[in-house]
Amino acid sequence: MKLVALLGAECTGKSTLAEALAAHFQAGLVREYLREWCAAQGRTPQQHEQAHIAAEQAARIEAAAREHELVICDTTPLITALCSEHYFGDPALTAGALAFQRRCDLTLLCAPDLPWEADGFMRDGPGVRAAFDARLRAALAGHGLGWVDIAGGDATRLATAIAALQRPSSR
């Protein structure tokens, strides 16, 4: 079993790339639970709801890993944990999220170089996107978690990601 995590700030093409990779490799796909949760609730989560969202994302990834040799994860609990730090000043989820991230065989980090697009209450803006990208990169680097940078247009992103998955060194 191989877990491939797609991480990035808002509006960095994670979902588009995750779907393309899952189709290309005929792999399991775990979509971003936060998006589903927000659509059902009609709002973004509050501080006390962050742990549930992170746990549900992890549970869905674990369930997919039991069914597929390759699982493409459109985000992991690390994004929820860093959002909890960013929006609420709450680092309580970070240690567990970092431990989960270490289980991933490959992390693809989507750069904030795509045009920012509004998505109702789901997105904050290009300024927040840049700050969150910096926070994410610092967290990964600070904890010795490697990644492959994914940048450029959709075709370039997909080609870079496919090449990364095909490298023998990606576990």
# chains A, B, ... in the order shown; residues from 1 in each chain; ligands from 1
$ select_by_dssp --residues "region 7-115 of chain A" --states "strand (DSSP E or B)" --output "JSON, numbers by chain"
{"A": [7, 8, 28, 29, 30, 70, 71, 72, 73, 74, 106, 107, 108, 109, 110]}
$ residues_around --residues "region 95-102 of chain A" --least-positions-apart "5" --cutoff "8 Å" --atoms "only C-alpha atoms" --output "PDB file with C-alpha atoms, in the first residue's frame"
ATOM      1  CA  ALA A  54      -8.950  15.842  10.984  1.00  0.00           C
ATOM      2  CA  ALA A  58      -7.560  10.211   8.525  1.00  0.00           C
ATOM      3  CA  THR A  76      -4.380  15.015   5.106  1.00  0.00           C
ATOM      4  CA  PRO A  77      -5.033  15.926   8.746  1.00  0.00           C
ATOM      5  CA  LEU A  78      -1.962  18.171   8.605  1.00  0.00           C
ATOM      6  CA  ALA A  81      -4.103  21.053  12.096  1.00  0.00           C
ATOM      7  CA  HIS A 143       9.849  18.236  11.083  1.00  0.00           C
ATOM      8  CA  LEU A 145       9.157  15.764   6.137  1.00  0.00           C
TER       9      LEU A 145
END
$ closest_residue --among "A:Ala9, A:Ala155, A:Leu114, A:Leu109" --to "Arg129 (chain A)" --atoms "only C-alpha atoms"
A:Ala9
$ closest_residue --among "A:Ala59, A:Ala134, A:Ala51, A:Leu3" --to "Leu93 (chain A)" --atoms "only C-alpha atoms"
A:Ala51
$ select_by_dssp --residues "region 1-170 of chain A" --states "helix (DSSP H, G or I)" --output "ChimeraX atom specification"
/A:14-25,33-41,47-67,77-88,94-102,126-142,154-166
$ residues_around --residues "Glu36 (chain A)" --least-positions-apart "6" --cutoff "12 Å" --atoms "only C-alpha atoms" --output "VMD selection string"
chain A and resid 30 42 to 45 53 56 to 57 122
$ residues_around --residues "region 87-89 of chain A" --least-positions-apart "4" --cutoff "10 Å" --atoms "only C-alpha atoms" --output "JSON list (two decimals) with C-alpha atoms, in the first residue's frame"
[["chain", "number", "residue", "atom", "x", "y", "z"],
["A", 46, "GLN", "CA", -15.31, 26.38, 14.47],
["A", 47, "GLN", "CA", -12.36, 25.56, 16.71],
["A", 48, "HIS", "CA", -14.10, 22.72, 18.56],
["A", 50, "GLN", "CA", -11.42, 20.83, 13.89],
["A", 82, "LEU", "CA", -2.29, 23.97, 10.49],
["A", 83, "CYS", "CA", -5.62, 25.70, 9.81]]
$ closest_residue --among "A:Thr80, A:Val71, A:Ala163, A:Glu10" --to "Tyr33 (chain A)" --atoms "only C-alpha atoms"
A:Thr80
$ atom_distance --atom1 "CA of Thr107 (chain A)" --atom2 "CA of Ala161 (chain A)"
9.7 Å
$ residues_around --residues "Asp154 (chain A)" --least-positions-apart "4" --cutoff "10 Å" --atoms "only C-alpha atoms" --output "list in words"
Gly13, Thr16, Leu17, Ala20, Leu114, Ile150, Leu158, Ala159 and Thr160 of chain A
$ write_last_selection --atoms "N, CA and C atoms" --output "tab-separated table (two decimals), in the first residue's frame"
chain	number	residue	atom	x	y	z
A	13	GLY	N	-4.91	23.86	-6.59
A	13	GLY	CA	-5.09	22.78	-7.55
A	13	GLY	C	-5.02	21.38	-7.00
A	16	THR	N	-8.03	19.04	-8.28
A	16	THR	CA	-7.90	18.75	-9.71
A	16	THR	C	-6.79	17.74	-9.95
A	17	LEU	N	-5.65	17.96	-9.30
A	17	LEU	CA	-4.52	17.05	-9.47
A	17	LEU	C	-4.82	15.68	-8.87
A	20	ALA	N	-6.95	13.71	-11.27
A	20	ALA	CA	-6.18	13.31	-12.45
A	20	ALA	C	-5.21	12.17	-12.13
A	114	LEU	N	-1.16	29.28	-9.09
A	114	LEU	CA	-2.35	29.31	-9.94
A	114	LEU	C	-3.13	30.59	-9.63
A	150	ILE	N	5.08	20.98	-6.66
A	150	ILE	CA	4.20	20.88	-7.82
A	150	ILE	C	3.80	22.30	-8.20
A	158	LEU	N	0.60	17.73	-13.49
A	158	LEU	CA	0.32	16.30	-13.62
A	158	LEU	C	1.58	15.54	-14.02
A	159	ALA	N	2.34	16.05	-14.98
A	159	ALA	CA	3.57	15.38	-15.42
A	159	ALA	C	4.58	15.28	-14.27
A	160	THR	N	4.73	16.34	-13.50
A	160	THR	CA	5.66	16.33	-12.37
A	160	THR	C	5.22	15.31	-11.32
$ closest_residue --among "A:Glu69, A:Glu32, A:Asp74, A:Glu62" --to "Leu108 (chain A)" --atoms "only C-alpha atoms"
A:Asp74
$ atom_distance --atom1 "CA of Leu70 (chain A)" --atom2 "CA of Ser15 (chain A)"
16.6 Å
$ residues_around --residues "Arg103 (chain A)" --least-positions-apart "6" --cutoff "10 Å" --atoms "only C-alpha atoms" --output "VMD selection string"
chain A and resid 2 to 5
$ decode --residues "region 50-62 of chain A" --atoms "N, CA and C atoms" --output "JSON list (two decimals), in the first residue's frame"
[["chain", "number", "residue", "atom", "x", "y", "z"],
["A", 50, "GLN", "N", -12.62, 21.16, 14.65],
["A", 50, "GLN", "CA", -11.42, 20.83, 13.89],
["A", 50, "GLN", "C", -10.96, 19.39, 14.11],
["A", 51, "ALA", "N", -10.99, 18.91, 15.35],
["A", 51, "ALA", "CA", -10.52, 17.55, 15.65],
["A", 51, "ALA", "C", -11.35, 16.51, 14.90],
["A", 52, "HIS", "N", -12.65, 16.71, 14.83],
["A", 52, "HIS", "CA", -13.51, 15.77, 14.09],
["A", 52, "HIS", "C", -13.13, 15.75, 12.61],
["A", 53, "ILE", "N", -12.89, 16.90, 12.05],
["A", 53, "ILE", "CA", -12.57, 16.97, 10.61],
["A", 53, "ILE", "C", -11.24, 16.26, 10.33],
["A", 54, "ALA", "N", -10.25, 16.51, 11.16],
["A", 54, "ALA", "CA", -8.95, 15.84, 10.98],
["A", 54, "ALA", "C", -9.09, 14.33, 11.15],
["A", 55, "ALA", "N", -9.83, 13.91, 12.16],
["A", 55, "ALA", "CA", -10.00, 12.47, 12.41],
["A", 55, "ALA", "C", -10.76, 11.80, 11.28],
["A", 56, "GLU", "N", -11.77, 12.46, 10.76],
["A", 56, "GLU", "CA", -12.55, 11.87, 9.65],
["A", 56, "GLU", "C", -11.70, 11.77, 8.39],
["A", 57, "GLN", "N", -10.88, 12.77, 8.11],
["A", 57, "GLN", "CA", -9.99, 12.70, 6.95],
["A", 57, "GLN", "C", -9.05, 11.50, 7.09],
["A", 58, "ALA", "N", -8.46, 11.34, 8.27],
["A", 58, "ALA", "CA", -7.56, 10.21, 8.53],
["A", 58, "ALA", "C", -8.29, 8.88, 8.39],
["A", 59, "ALA", "N", -9.49, 8.79, 8.95],
["A", 59, "ALA", "CA", -10.26, 7.54, 8.87],
["A", 59, "ALA", "C", -10.59, 7.17, 7.44],
["A", 60, "ARG", "N", -10.91, 8.15, 6.63],
["A", 60, "ARG", "CA", -11.22, 7.87, 5.22],
["A", 60, "ARG", "C", -9.98, 7.41, 4.46],
["A", 61, "ILE", "N", -8.85, 7.99, 4.78],
["A", 61, "ILE", "CA", -7.59, 7.56, 4.15],
["A", 61, "ILE", "C", -7.28, 6.13, 4.56],
["A", 62, "GLU", "N", -7.41, 5.83, 5.84],
["A", 62, "GLU", "CA", -7.14, 4.48, 6.33],
["A", 62, "GLU", "C", -8.08, 3.46, 5.69]]
